[in-house]
Amino acid sequence: VHLIPVNPVREDGLNPKSRKRIMPDLLTEPPAIDPVYEAHVYCNIPTIAERSMEGHAPHYFKLVSVQVLIRHGDRYPLYAIPKTKRPDIDCMLLPSRKPSHPQLEAFIKHMSKGSAAQMDGSLSSLARYPSHSLCEMGELTQTGVVQHLRNGQLLREIYINKHKLLLSDWTAKQLYLETTGKSRTLQSALALLYTFLPDFDWKKINMRHQWSTIFCSGSCDCPMRNHYLEEEQRRQYSLRVKNNDLEKIYVDMAKIVGIPTRQLRASNPIDSLLCYFCHNVSFPCTKTGCIGMEHFKVIKRHQLEDERERQEKKLYFLYALLATHPLLNQTVNRLQRIAEGKKEEVFVLYSAHDVTLSPVLSALGITEARFPRFAARLVFELWQDGKRPKEHFIRILYNGADVTFQTSFCKDYYKRSIKPMCPLEKFVNFVKRDMFLIFNSTSYYDACRRRPL
């Protein structure tokens with residue numbers, strides 16, 4: 001699969017140790033999109049143990065900080081297909097039901113005792129784990145909880161057991177935790193932390209609430225970001241209108257459920273259909289007929305084509321640079337403080353959405369990355385060179401694959417260096433300065449207000 005780690009392979013397909021250049025075969029057709037395979041990857045059903053490249057470094061390097069950005073786990077749809085029965089998914093947590101996890105039962109017990117936690121504002125009123133016999137819209141499912149219990153366990157084995165990032169007497173100041181105000185992001189964060197921390201002590205959990213899905217905190221006023229987002233939405237609309245196969249499928253599905261085509265489109269059927277698909281539930285039927293796999297494939301294929309065109313047209317990239325600068329700037333500032341010797345906030349967790357992760361990947365220049373699957377994780381590792389303690393390096397990993405040298409700011413460095421990571425200053429310069437060059441600006445404030453020529 002795309003993200004199973006092997007020896008790092010460069011974009012030209014060569015192993016970095018082999019410096020010979022091979023002419024690419026220009027006549028090779030790009031591989032055809034397989035919508036069913038891509039949907040399976042997106043579902044991320046927990047089955048086999050995952051291999052990952054997190055925590056890999058030469059033996060004389062010391063890990064000093066890890067910052068993790070996750071997408072929440074599998075959830076119930078946010079939209080319903082009108083006039084159809086909602087998918088019958090149970091959101092009660094039952095350790096005996098698959099998929100499960102050895103620590104699921106202990107997690108449920110522990111979550112019911114969380115009164116000592118410090119939760120910002122409205123977070124304290126949210127449930128700590130899903131508990132409805134018929135899932136509510138957008139609710140985390142048992143699959144979603146298990147996905148993040150597994151994420152936490154995997155990261156614990158590497159960062160706690162192997163690299164001793166947090167010791168058994170860890171303190172609240174060593175963590176920085178932030179989530180949006182949705183139960184699915186809070187619950188995903190708690191599931192990951194439960195299996196990750198040396199011991200899950202509620203008194204040390206201080207969860208901050210982030211009201212913005214792009215985590216822009218106090219720097220959200222950016223008119224040009226909104227301009228590029230509107231342009232990107234026009235591009236999406238234009239691509240959809242041109243797709244005759246998609247239009248036929250929508251007309252056919254609208255007839256089956258007995259509503260106008262426009263109303264069906266507005267109900268975002270792919271969100272609902274992915275839930276049926278991921279949970280292996282039959283697509284909905286009415287007296288007129290059934291929505292079937294062919295409908296699903298055409299809509300999913302269009303979604304994948306849209307992602308591909310989005311990469312080419314650059315409007316989304318311009319939006320992403322402005323949307324993610326506040327979050328990346330916060331990340332860089334924290335890494336710089338730690339590099340200078342501060343021992344606080346060495347482990348950071350942002351629990352977020354696909355609309356958070358996707359622009360971050362785009363802004364970093366990681367164009368090969370798939371759209372964020374359920375329970376996707378993006379990890380920033382900060383390393384200190386044991387031979388030259390003042391030198392610090394970062395590694396960036398996406399779902400366990402090392403994508404450091406896919407980033408726009410470290411592509412060229414890789415060709416000249418034997419070290420398997422990127423100097424911290426390259427990331428700092430990118431976030432503080434180079435992100436704005438494309439806007440002919442020198443600062444975020446200026447880029448947010450400068451109209452394109």
# chains A, B, ... in the order shown; residues from 1 in each chain; ligands from 1
call {"tool": "closest_atom_pairs", "arguments": {"of": "range 309-390 of chain A", "to": "range 138-149 of chain A", "cutoff": "10 Å", "atoms": "only C-alpha atoms", "output": "CSV"}}
result
residue,atom,partner,partner_atom,distance
A:Phe374,CA,A:Gly144,CA,7.5
A:Ala375,CA,A:Gln147,CA,6.2
A:Ala376,CA,A:His148,CA,9.2
A:Arg377,CA,A:His148,CA,9.6
call {"tool": "residues_around", "arguments": {"residues": "range 438-446 of chain A", "least_positions_apart": "3", "cutoff": "8 Å", "atoms": "only C-alpha atoms", "output": "CSV table (one decimal) with all heavy atoms, in the first residue's frame"}}
result
chain,number,residue,atom,x,y,z
A,222,CYS,N,-8.4,36.8,7.6
A,222,CYS,CA,-7.5,36.7,6.4
A,222,CYS,C,-8.4,36.7,5.2
A,222,CYS,O,-8.8,35.7,4.7
A,222,CYS,CB,-6.7,35.4,6.5
A,222,CYS,SG,-5.5,35.3,5.2
A,322,LEU,N,-2.4,30.1,3.4
A,322,LEU,CA,-2.9,31.1,4.3
A,322,LEU,C,-3.7,30.5,5.4
A,322,LEU,O,-3.7,31.0,6.6
A,322,LEU,CB,-3.8,32.1,3.5
A,322,LEU,CG,-3.0,33.0,2.5
A,322,LEU,CD1,-3.9,33.8,1.7
A,322,LEU,CD2,-1.9,33.8,3.1
A,325,HIS,N,-1.0,28.8,8.1
A,325,HIS,CA,0.1,29.5,8.6
A,325,HIS,C,0.0,29.7,10.2
A,325,HIS,O,1.0,29.4,10.9
A,325,HIS,CB,0.3,30.9,8.0
A,325,HIS,CG,1.5,31.6,8.6
A,325,HIS,ND1,1.3,32.6,9.6
A,325,HIS,CD2,2.8,31.5,8.5
A,325,HIS,CE1,2.4,33.0,10.0
A,325,HIS,NE2,3.4,32.4,9.4
A,432,LYS,N,8.2,31.2,8.5
A,432,LYS,CA,8.4,32.6,8.8
A,432,LYS,C,8.5,33.5,7.6
A,432,LYS,O,8.2,34.7,7.7
A,432,LYS,CB,9.6,32.8,9.7
A,432,LYS,CG,9.6,32.0,11.0
A,432,LYS,CD,8.6,32.7,12.0
A,432,LYS,CE,8.7,32.0,13.4
A,432,LYS,NZ,7.6,32.5,14.3
A,433,ARG,N,8.9,32.9,6.5
A,433,ARG,CA,9.3,33.8,5.3
A,433,ARG,C,8.8,33.2,4.0
A,433,ARG,O,8.0,33.8,3.2
A,433,ARG,CB,10.8,34.0,5.3
A,433,ARG,CG,11.3,34.9,4.3
A,433,ARG,CD,12.8,34.8,4.2
A,433,ARG,NE,13.3,33.5,3.8
A,433,ARG,CZ,14.5,33.0,4.1
A,433,ARG,NH1,15.3,33.6,4.9
A,433,ARG,NH2,14.9,31.8,3.6
A,435,MET,N,6.8,30.9,2.9
A,435,MET,CA,5.3,30.7,2.6
A,435,MET,C,4.7,31.8,1.9
A,435,MET,O,3.7,31.7,1.2
A,435,MET,CB,4.6,30.4,3.9
A,435,MET,CG,4.7,29.1,4.5
A,435,MET,SD,3.7,28.9,6.0
A,435,MET,CE,2.2,28.2,5.4
A,449,ARG,N,-3.9,40.3,2.9
A,449,ARG,CA,-4.6,41.5,2.4
A,449,ARG,C,-4.2,41.9,1.0
A,449,ARG,O,-4.8,42.8,0.4
A,449,ARG,CB,-4.4,42.6,3.3
A,449,ARG,CG,-5.3,42.5,4.5
A,449,ARG,CD,-4.7,43.1,5.8
A,449,ARG,NE,-5.7,42.8,6.9
A,449,ARG,CZ,-5.7,41.7,7.6
A,449,ARG,NH1,-4.8,40.7,7.3
A,449,ARG,NH2,-6.5,41.4,8.5
A,450,ARG,N,-3.2,41.3,0.4
A,450,ARG,CA,-2.6,41.7,-0.9
A,450,ARG,C,-3.4,41.0,-2.0
A,450,ARG,O,-3.4,39.8,-2.1
A,450,ARG,CB,-1.2,41.3,-1.0
A,450,ARG,CG,-0.5,41.9,-2.3
A,450,ARG,CD,1.0,41.5,-2.3
A,450,ARG,NE,1.8,42.2,-1.3
A,450,ARG,CZ,2.5,43.3,-1.5
A,450,ARG,NH1,2.5,43.8,-2.8
A,450,ARG,NH2,3.2,43.9,-0.6
A,452,PRO,N,-4.2,39.5,-5.7
A,452,PRO,CA,-3.2,39.1,-6.7
A,452,PRO,C,-3.2,40.0,-7.9
A,452,PRO,O,-4.2,40.7,-8.2
A,452,PRO,CB,-3.8,37.7,-7.1
A,452,PRO,CG,-5.3,37.8,-6.7
A,452,PRO,CD,-5.3,38.7,-5.5
call {"tool": "closest_residue", "arguments": {"among": "A:Phe296, A:Phe196, A:Tyr350, A:Phe317", "to": "Asp271 in chain A", "atoms": "only C-alpha atoms"}}
result
A:Phe296
call {"tool": "closest_residue", "arguments": {"among": "A:Lys162, A:Arg370, A:Arg71, A:His353", "to": "Val41 in chain A", "atoms": "only C-alpha atoms"}}
result
A:Arg370
call {"tool": "residues_around", "arguments": {"residues": "range 275-277 of chain A", "least_positions_apart": "2", "cutoff": "10 Å", "atoms": "only C-alpha atoms", "output": "list in words"}}
result
Val36, Ala39, His40, Cys43, Asp74, Arg75, Tyr76, Pro77, Arg86, Pro87, Asp88, Ile89, Ile270, Asp271, Ser272, Leu273, His279, Asn280, Val281, Ser282, Phe283, Pro284, Met293 and Phe296 of chain A
call {"tool": "write_last_selection", "arguments": {"atoms": "N, CA and C atoms", "output": "tab-separated table (two decimals), in the first residue's frame"}}
result
chain	number	residue	atom	x	y	z
A	36	VAL	N	-12.92	1.69	-5.44
A	36	VAL	CA	-13.23	0.76	-4.32
A	36	VAL	C	-12.00	0.59	-3.43
A	39	ALA	N	-11.53	3.70	-1.43
A	39	ALA	CA	-12.52	3.79	-0.34
A	39	ALA	C	-12.11	2.91	0.84
A	40	HIS	N	-11.56	1.72	0.54
A	40	HIS	CA	-11.09	0.84	1.63
A	40	HIS	C	-9.97	1.51	2.42
A	43	CYS	N	-11.47	4.14	4.68
A	43	CYS	CA	-12.16	3.58	5.86
A	43	CYS	C	-11.18	3.24	6.98
A	74	ASP	N	-13.35	6.96	12.63
A	74	ASP	CA	-14.57	6.66	11.88
A	74	ASP	C	-15.79	7.24	12.60
A	75	ARG	N	-16.66	7.87	11.83
A	75	ARG	CA	-17.84	8.50	12.42
A	75	ARG	C	-19.08	8.16	11.61
A	76	TYR	N	-20.22	8.40	12.24
A	76	TYR	CA	-21.51	8.31	11.56
A	76	TYR	C	-21.61	9.50	10.60
A	77	PRO	N	-22.37	9.37	9.49
A	77	PRO	CA	-22.43	10.47	8.52
A	77	PRO	C	-22.92	11.78	9.12
A	86	ARG	N	-31.79	5.47	7.67
A	86	ARG	CA	-30.40	5.75	8.06
A	86	ARG	C	-29.64	4.45	8.29
A	87	PRO	N	-28.32	4.44	8.00
A	87	PRO	CA	-27.56	3.20	8.25
A	87	PRO	C	-27.65	2.79	9.71
A	88	ASP	N	-27.86	1.51	9.92
A	88	ASP	CA	-28.12	0.98	11.27
A	88	ASP	C	-26.78	0.65	11.94
A	89	ILE	N	-26.15	1.66	12.53
A	89	ILE	CA	-24.85	1.46	13.20
A	89	ILE	C	-25.04	1.74	14.69
A	270	ILE	N	-22.15	11.05	-0.91
A	270	ILE	CA	-20.92	10.25	-0.72
A	270	ILE	C	-20.60	10.07	0.76
A	271	ASP	N	-20.89	11.08	1.59
A	271	ASP	CA	-20.61	10.99	3.02
A	271	ASP	C	-21.41	9.84	3.64
A	272	SER	N	-22.68	9.77	3.26
A	272	SER	CA	-23.54	8.71	3.78
A	272	SER	C	-23.16	7.35	3.20
A	273	LEU	N	-22.91	7.31	1.88
A	273	LEU	CA	-22.58	6.03	1.22
A	273	LEU	C	-21.28	5.44	1.76
A	279	HIS	N	-18.84	0.16	6.85
A	279	HIS	CA	-19.42	-0.75	7.85
A	279	HIS	C	-20.06	-1.98	7.21
A	280	ASN	N	-19.81	-2.15	5.92
A	280	ASN	CA	-20.30	-3.35	5.22
A	280	ASN	C	-21.81	-3.53	5.37
A	281	VAL	N	-22.53	-2.40	5.27
A	281	VAL	CA	-23.99	-2.41	5.34
A	281	VAL	C	-24.52	-2.20	3.92
A	282	SER	N	-25.59	-2.91	3.54
A	282	SER	CA	-26.15	-2.76	2.19
A	282	SER	C	-26.59	-1.32	1.95
A	283	PHE	N	-26.32	-0.82	0.74
A	283	PHE	CA	-26.77	0.52	0.38
A	283	PHE	C	-28.30	0.58	0.44
A	284	PRO	N	-28.89	1.79	0.66
A	284	PRO	CA	-30.34	1.87	0.90
A	284	PRO	C	-31.17	1.53	-0.34
A	293	MET	N	-23.53	-0.41	-6.00
A	293	MET	CA	-22.09	-0.18	-6.08
A	293	MET	C	-21.70	0.70	-7.27
A	296	PHE	N	-22.06	4.24	-6.29
A	296	PHE	CA	-20.98	4.58	-5.36
A	296	PHE	C	-19.66	4.81	-6.08
call {"tool": "closest_atom_pairs", "arguments": {"of": "range 120-235 of chain A", "to": "range 382-388 of chain A", "cutoff": "12 Å", "atoms": "only C-alpha atoms", "output": "Markdown table"}}
result
| residue | atom | partner | partner_atom | distance |
| --- | --- | --- | --- | --- |
| A:Tyr159 | CA | A:Leu382 | CA | 11.8 |
| A:His163 | CA | A:Trp383 | CA | 11.0 |
| A:Leu165 | CA | A:Leu382 | CA | 11.1 |
call {"tool": "atom_distance", "arguments": {"atom1": "CA of Ser238 in chain A", "atom2": "CA of Asp221 in chain A"}}
result
27.8 Å
call {"tool": "select_by_dssp", "arguments": {"residues": "range 254-414 of chain A", "states": "helix (DSSP H, G or I)", "output": "ChimeraX atom specification"}}
result
/A:254-257,261-266,269-278,293-313,315-339,354-364,404-406,411-414
call {"tool": "write_last_selection", "arguments": {"atoms": "C-alpha atoms", "output": "tab-separated table (two decimals), in the first residue's frame"}}
result
chain	number	residue	atom	x	y	z
A	254	ALA	CA	-32.78	10.90	-7.26
A	255	LYS	CA	-35.42	8.83	-9.09
A	256	ILE	CA	-34.81	5.87	-6.75
A	257	VAL	CA	-35.35	7.97	-3.62
A	261	THR	CA	-31.67	15.79	-8.33
A	262	ARG	CA	-30.59	19.11	-6.82
A	263	GLN	CA	-31.84	18.05	-3.38
A	264	LEU	CA	-29.94	14.75	-3.58
A	265	ARG	CA	-26.72	16.54	-4.51
A	266	ALA	CA	-27.15	18.95	-1.59
A	269	PRO	CA	-24.60	11.35	-0.67
A	270	ILE	CA	-20.92	10.25	-0.72
A	271	ASP	CA	-20.61	10.99	3.02
A	272	SER	CA	-23.54	8.71	3.78
A	273	LEU	CA	-22.58	6.03	1.22
A	274	LEU	CA	-19.06	5.79	2.67
A	275	CYS	CA	-20.60	4.89	6.03
A	276	TYR	CA	-22.55	2.01	4.44
A	277	PHE	CA	-19.38	0.95	2.62
A	278	CYS	CA	-17.00	1.16	5.61
A	293	MET	CA	-22.09	-0.18	-6.08
A	294	GLU	CA	-22.09	1.42	-9.54
A	295	HIS	CA	-23.59	4.62	-8.11
A	296	PHE	CA	-20.98	4.58	-5.36
A	297	LYS	CA	-18.06	3.99	-7.74
A	298	VAL	CA	-18.94	6.88	-10.05
A	299	ILE	CA	-19.34	9.36	-7.17
A	300	LYS	CA	-16.15	8.16	-5.45
A	301	ARG	CA	-14.20	8.26	-8.74
A	302	HIS	CA	-15.31	11.85	-9.29
A	303	GLN	CA	-14.17	12.71	-5.75
A	304	LEU	CA	-10.71	11.28	-6.54
A	305	GLU	CA	-10.53	13.12	-9.87
A	306	ASP	CA	-11.45	16.31	-8.04
A	307	GLU	CA	-8.56	15.76	-5.63
A	308	ARG	CA	-6.18	15.27	-8.55
A	309	GLU	CA	-7.32	18.44	-10.34
A	310	ARG	CA	-7.15	20.33	-7.04
A	311	GLN	CA	-3.42	19.56	-6.84
A	312	GLU	CA	-2.86	20.78	-10.41
A	313	LYS	CA	-4.83	24.03	-10.30
A	315	LEU	CA	-6.04	27.52	-5.95
A	316	TYR	CA	-6.34	25.12	-3.03
A	317	PHE	CA	-2.57	25.40	-2.43
A	318	LEU	CA	-2.85	29.20	-2.12
A	319	TYR	CA	-5.80	28.77	0.25
A	320	ALA	CA	-3.83	26.15	2.23
A	321	LEU	CA	-0.78	28.38	2.75
A	322	LEU	CA	-2.91	31.12	4.31
A	323	ALA	CA	-5.23	28.73	6.17
A	324	THR	CA	-2.44	26.80	7.89
A	325	HIS	CA	0.12	29.50	8.65
A	326	PRO	CA	-1.20	30.21	12.20
A	327	LEU	CA	-1.04	26.50	13.14
A	328	LEU	CA	2.38	25.94	11.51
A	329	ASN	CA	3.70	29.14	13.09
A	330	GLN	CA	2.59	27.93	16.53
A	331	THR	CA	4.30	24.58	15.80
A	332	VAL	CA	7.57	26.24	14.72
A	333	ASN	CA	7.63	28.59	17.73
A	334	ARG	CA	7.20	25.65	20.07
A	335	LEU	CA	9.93	23.60	18.34
A	336	GLN	CA	12.31	26.57	18.59
A	337	ARG	CA	11.63	26.94	22.32
A	338	ILE	CA	12.33	23.25	22.89
A	339	ALA	CA	15.50	23.42	20.76
A	354	ASP	CA	-10.04	16.29	7.28
A	355	VAL	CA	-10.43	20.04	6.57
A	356	THR	CA	-7.56	20.64	9.04
A	357	LEU	CA	-5.11	17.99	7.84
A	358	SER	CA	-5.70	18.36	4.13
A	359	PRO	CA	-4.55	22.01	3.85
A	360	VAL	CA	-1.54	21.32	6.11
A	361	LEU	CA	-0.37	18.54	3.77
A	362	SER	CA	-0.92	20.83	0.78
A	363	ALA	CA	0.89	23.80	2.35
A	364	LEU	CA	3.90	21.63	3.22
A	404	THR	CA	10.10	14.75	5.19
A	405	PHE	CA	11.72	14.97	1.77
A	406	GLN	CA	8.45	15.37	-0.09
A	411	LYS	CA	13.36	18.44	-1.25
A	412	ASP	CA	16.68	19.96	-2.35
A	413	TYR	CA	18.44	19.39	0.97
A	414	TYR	CA	17.95	15.64	0.58
call {"tool": "closest_residue", "arguments": {"among": "A:Val403, A:Ala49, A:Leu175, A:Cys135", "to": "His101 in chain A", "atoms": "only C-alpha atoms"}}
result
A:Ala49
call {"tool": "select_by_dssp", "arguments": {"residues": "range 54-83 of chain A", "states": "strand (DSSP E or B)", "output": "list in words"}}
result
Phe61, Lys62, Leu63, Val64, Ser65, Val66, Gln67, Val68, Leu69, Ile70, Arg71 and Arg75 of chain A
call {"tool": "residues_around", "arguments": {"residues": "Leu93 in chain A", "least_positions_apart": "4", "cutoff": "9 Å", "atoms": "only C-alpha atoms", "output": "list in words"}}
result
Arg97, Leu104, Glu105, Ile108, Tyr129, Pro130, Ser131, His132, Thr141, Gln142 and Val145 of chain A
call {"tool": "write_last_selection", "arguments": {"atoms": "all heavy atoms", "output": "compact mmCIF listing (two decimals), in the first residue's frame"}}
result
# COMPACT_ATOMS: atom_id res chain seq x y z
N ARG A 97 -17.49 -6.94 20.52
CA ARG A 97 -17.84 -6.75 19.10
C ARG A 97 -16.62 -6.28 18.31
O ARG A 97 -15.82 -5.48 18.79
CB ARG A 97 -18.97 -5.71 18.99
CG ARG A 97 -19.46 -5.52 17.55
CD ARG A 97 -20.63 -4.57 17.46
NE ARG A 97 -20.28 -3.23 17.92
CZ ARG A 97 -21.10 -2.43 18.60
NH1 ARG A 97 -22.30 -2.83 18.93
NH2 ARG A 97 -20.71 -1.23 18.96
N LEU A 104 -9.99 -1.74 25.33
CA LEU A 104 -11.26 -1.03 25.16
C LEU A 104 -12.09 -1.03 26.44
O LEU A 104 -12.64 0.00 26.84
CB LEU A 104 -12.06 -1.65 23.99
CG LEU A 104 -13.41 -1.00 23.69
CD1 LEU A 104 -13.26 0.49 23.37
CD2 LEU A 104 -14.11 -1.71 22.53
N GLU A 105 -12.15 -2.16 27.11
CA GLU A 105 -12.96 -2.25 28.33
C GLU A 105 -12.42 -1.31 29.42
O GLU A 105 -13.16 -0.56 30.05
CB GLU A 105 -12.97 -3.70 28.85
CG GLU A 105 -14.03 -3.93 29.90
CD GLU A 105 -14.30 -5.41 30.16
OE1 GLU A 105 -13.74 -6.28 29.44
OE2 GLU A 105 -15.08 -5.68 31.08
N ILE A 108 -13.24 2.34 28.62
CA ILE A 108 -14.62 2.74 28.94
C ILE A 108 -14.73 3.06 30.43
O ILE A 108 -15.30 4.09 30.82
CB ILE A 108 -15.62 1.62 28.56
CG1 ILE A 108 -15.57 1.32 27.06
CG2 ILE A 108 -17.05 2.00 28.96
CD1 ILE A 108 -16.22 0.00 26.64
N TYR A 129 -16.98 9.38 25.64
CA TYR A 129 -16.94 8.26 24.68
C TYR A 129 -18.34 8.08 24.11
O TYR A 129 -19.34 8.47 24.73
CB TYR A 129 -16.44 6.97 25.34
CG TYR A 129 -17.25 6.48 26.52
CD1 TYR A 129 -18.28 5.56 26.35
CD2 TYR A 129 -16.97 6.94 27.82
CE1 TYR A 129 -19.02 5.11 27.44
CE2 TYR A 129 -17.71 6.49 28.90
CZ TYR A 129 -18.73 5.58 28.71
OH TYR A 129 -19.47 5.14 29.78
N PRO A 130 -18.44 7.50 22.91
CA PRO A 130 -19.76 7.35 22.27
C PRO A 130 -20.62 6.34 23.03
O PRO A 130 -20.10 5.36 23.55
CB PRO A 130 -19.41 6.83 20.87
CG PRO A 130 -18.02 6.31 20.94
CD PRO A 130 -17.34 7.03 22.05
N SER A 131 -21.93 6.58 23.08
CA SER A 131 -22.76 5.69 23.91
C SER A 131 -24.23 5.64 23.47
O SER A 131 -25.11 5.52 24.31
CB SER A 131 -22.70 6.17 25.37
OG SER A 131 -23.19 7.50 25.44
N HIS A 132 -24.49 5.76 22.17
CA HIS A 132 -25.88 5.67 21.71
C HIS A 132 -26.11 4.37 20.94
O HIS A 132 -25.28 3.97 20.13
CB HIS A 132 -26.22 6.86 20.79
CG HIS A 132 -26.20 8.17 21.52
ND1 HIS A 132 -25.12 9.02 21.49
CD2 HIS A 132 -27.13 8.77 22.32
CE1 HIS A 132 -25.38 10.09 22.24
NE2 HIS A 132 -26.59 9.96 22.75
N THR A 141 -17.74 6.22 16.07
CA THR A 141 -18.22 4.83 16.23
C THR A 141 -17.19 4.04 17.03
O THR A 141 -16.10 4.53 17.32
CB THR A 141 -18.37 4.17 14.85
OG1 THR A 141 -17.07 4.09 14.24
CG2 THR A 141 -19.32 4.95 13.94
N GLN A 142 -17.54 2.79 17.33
CA GLN A 142 -16.57 1.92 18.01
C GLN A 142 -15.31 1.77 17.14
O GLN A 142 -14.19 1.78 17.67
CB GLN A 142 -17.17 0.54 18.30
CG GLN A 142 -16.16 -0.43 18.90
CD GLN A 142 -16.81 -1.57 19.65
OE1 GLN A 142 -17.81 -1.40 20.34
NE2 GLN A 142 -16.24 -2.76 19.53
N VAL A 145 -13.08 4.72 17.78
CA VAL A 145 -12.37 4.64 19.07
C VAL A 145 -11.19 3.68 18.94
O VAL A 145 -10.06 4.00 19.35
CB VAL A 145 -13.33 4.17 20.19
CG1 VAL A 145 -12.56 3.87 21.48
CG2 VAL A 145 -14.40 5.23 20.45
call {"tool": "atom_distance", "arguments": {"atom1": "CA of Leu424 in chain A", "atom2": "CA of His392 in chain A"}}
result
5.6 Å
call {"tool": "closest_residue", "arguments": {"among": "A:Arg395, A:Lys342, A:His72, A:His227", "to": "Arg373 in chain A", "atoms": "only C-alpha atoms"}}
result
A:His72
call {"tool": "closest_residue", "arguments": {"among": "A:Met421, A:Asp201, A:Gln236, A:Met111", "to": "Leu186 in chain A", "atoms": "only C-alpha atoms"}}
result
A:Met111
call {"tool": "closest_residue", "arguments": {"among": "A:Leu78, A:Met119, A:Leu166, A:Val241", "to": "Lys343 in chain A", "atoms": "only C-alpha atoms"}}
result
A:Leu166
call {"tool": "atom_distance", "arguments": {"atom1": "CA of Ile366 in chain A", "atom2": "CA of Thr407 in chain A"}}
result
5.3 Å
call {"tool": "decode", "arguments": {"residues": "range 299-304 of chain A", "atoms": "all heavy atoms", "output": "PDB file, in the first residue's frame"}}
result
ATOM      1  N   ILE A 299     -19.471   8.182  -8.046  1.00  0.00           N
ATOM      2  CA  ILE A 299     -19.344   9.357  -7.171  1.00  0.00           C
ATOM      3  C   ILE A 299     -17.959   9.384  -6.522  1.00  0.00           C
ATOM      4  O   ILE A 299     -17.313  10.431  -6.450  1.00  0.00           O
ATOM      5  CB  ILE A 299     -20.448   9.370  -6.085  1.00  0.00           C
ATOM      6  CG1 ILE A 299     -21.834   9.420  -6.742  1.00  0.00           C
ATOM      7  CG2 ILE A 299     -20.278  10.559  -5.153  1.00  0.00           C
ATOM      8  CD1 ILE A 299     -22.978   9.335  -5.754  1.00  0.00           C
ATOM      9  N   LYS A 300     -17.477   8.226  -6.085  1.00  0.00           N
ATOM     10  CA  LYS A 300     -16.146   8.160  -5.454  1.00  0.00           C
ATOM     11  C   LYS A 300     -15.052   8.481  -6.478  1.00  0.00           C
ATOM     12  O   LYS A 300     -14.094   9.186  -6.175  1.00  0.00           O
ATOM     13  CB  LYS A 300     -15.926   6.763  -4.841  1.00  0.00           C
ATOM     14  CG  LYS A 300     -14.607   6.605  -4.093  1.00  0.00           C
ATOM     15  CD  LYS A 300     -14.569   7.459  -2.851  1.00  0.00           C
ATOM     16  CE  LYS A 300     -13.186   7.456  -2.211  1.00  0.00           C
ATOM     17  NZ  LYS A 300     -13.008   8.555  -1.263  1.00  0.00           N
ATOM     18  N   ARG A 301     -15.207   7.974  -7.707  1.00  0.00           N
ATOM     19  CA  ARG A 301     -14.199   8.256  -8.740  1.00  0.00           C
ATOM     20  C   ARG A 301     -14.133   9.761  -9.010  1.00  0.00           C
ATOM     21  O   ARG A 301     -13.053  10.325  -9.150  1.00  0.00           O
ATOM     22  CB  ARG A 301     -14.518   7.498 -10.032  1.00  0.00           C
ATOM     23  CG  ARG A 301     -13.421   7.662 -11.101  1.00  0.00           C
ATOM     24  CD  ARG A 301     -13.706   6.869 -12.362  1.00  0.00           C
ATOM     25  NE  ARG A 301     -13.502   5.446 -12.149  1.00  0.00           N
ATOM     26  CZ  ARG A 301     -14.462   4.528 -12.197  1.00  0.00           C
ATOM     27  NH1 ARG A 301     -15.718   4.880 -12.445  1.00  0.00           N
ATOM     28  NH2 ARG A 301     -14.189   3.259 -12.010  1.00  0.00           N
ATOM     29  N   HIS A 302     -15.302  10.407  -9.063  1.00  0.00           N
ATOM     30  CA  HIS A 302     -15.308  11.854  -9.286  1.00  0.00           C
ATOM     31  C   HIS A 302     -14.586  12.573  -8.142  1.00  0.00           C
ATOM     32  O   HIS A 302     -13.831  13.517  -8.370  1.00  0.00           O
ATOM     33  CB  HIS A 302     -16.742  12.387  -9.406  1.00  0.00           C
ATOM     34  CG  HIS A 302     -16.794  13.887  -9.414  1.00  0.00           C
ATOM     35  ND1 HIS A 302     -16.412  14.626 -10.503  1.00  0.00           N
ATOM     36  CD2 HIS A 302     -17.117  14.780  -8.439  1.00  0.00           C
ATOM     37  CE1 HIS A 302     -16.520  15.920 -10.204  1.00  0.00           C
ATOM     38  NE2 HIS A 302     -16.943  16.034  -8.957  1.00  0.00           N
ATOM     39  N   GLN A 303     -14.823  12.103  -6.922  1.00  0.00           N
ATOM     40  CA  GLN A 303     -14.167  12.712  -5.754  1.00  0.00           C
ATOM     41  C   GLN A 303     -12.640  12.624  -5.896  1.00  0.00           C
ATOM     42  O   GLN A 303     -11.913  13.586  -5.628  1.00  0.00           O
ATOM     43  CB  GLN A 303     -14.632  11.980  -4.487  1.00  0.00           C
ATOM     44  CG  GLN A 303     -14.378  12.737  -3.207  1.00  0.00           C
ATOM     45  CD  GLN A 303     -14.785  11.916  -1.983  1.00  0.00           C
ATOM     46  OE1 GLN A 303     -14.593  10.700  -1.930  1.00  0.00           O
ATOM     47  NE2 GLN A 303     -15.334  12.580  -0.986  1.00  0.00           N
ATOM     48  N   LEU A 304     -12.151  11.472  -6.369  1.00  0.00           N
ATOM     49  CA  LEU A 304     -10.714  11.276  -6.539  1.00  0.00           C
ATOM     50  C   LEU A 304     -10.163  12.130  -7.677  1.00  0.00           C
ATOM     51  O   LEU A 304      -9.067  12.679  -7.586  1.00  0.00           O
ATOM     52  CB  LEU A 304     -10.417   9.787  -6.789  1.00  0.00           C
ATOM     53  CG  LEU A 304     -10.745   8.863  -5.608  1.00  0.00           C
ATOM     54  CD1 LEU A 304     -10.823   7.405  -6.052  1.00  0.00           C
ATOM     55  CD2 LEU A 304      -9.731   9.020  -4.487  1.00  0.00           C
TER      56      LEU A 304
END
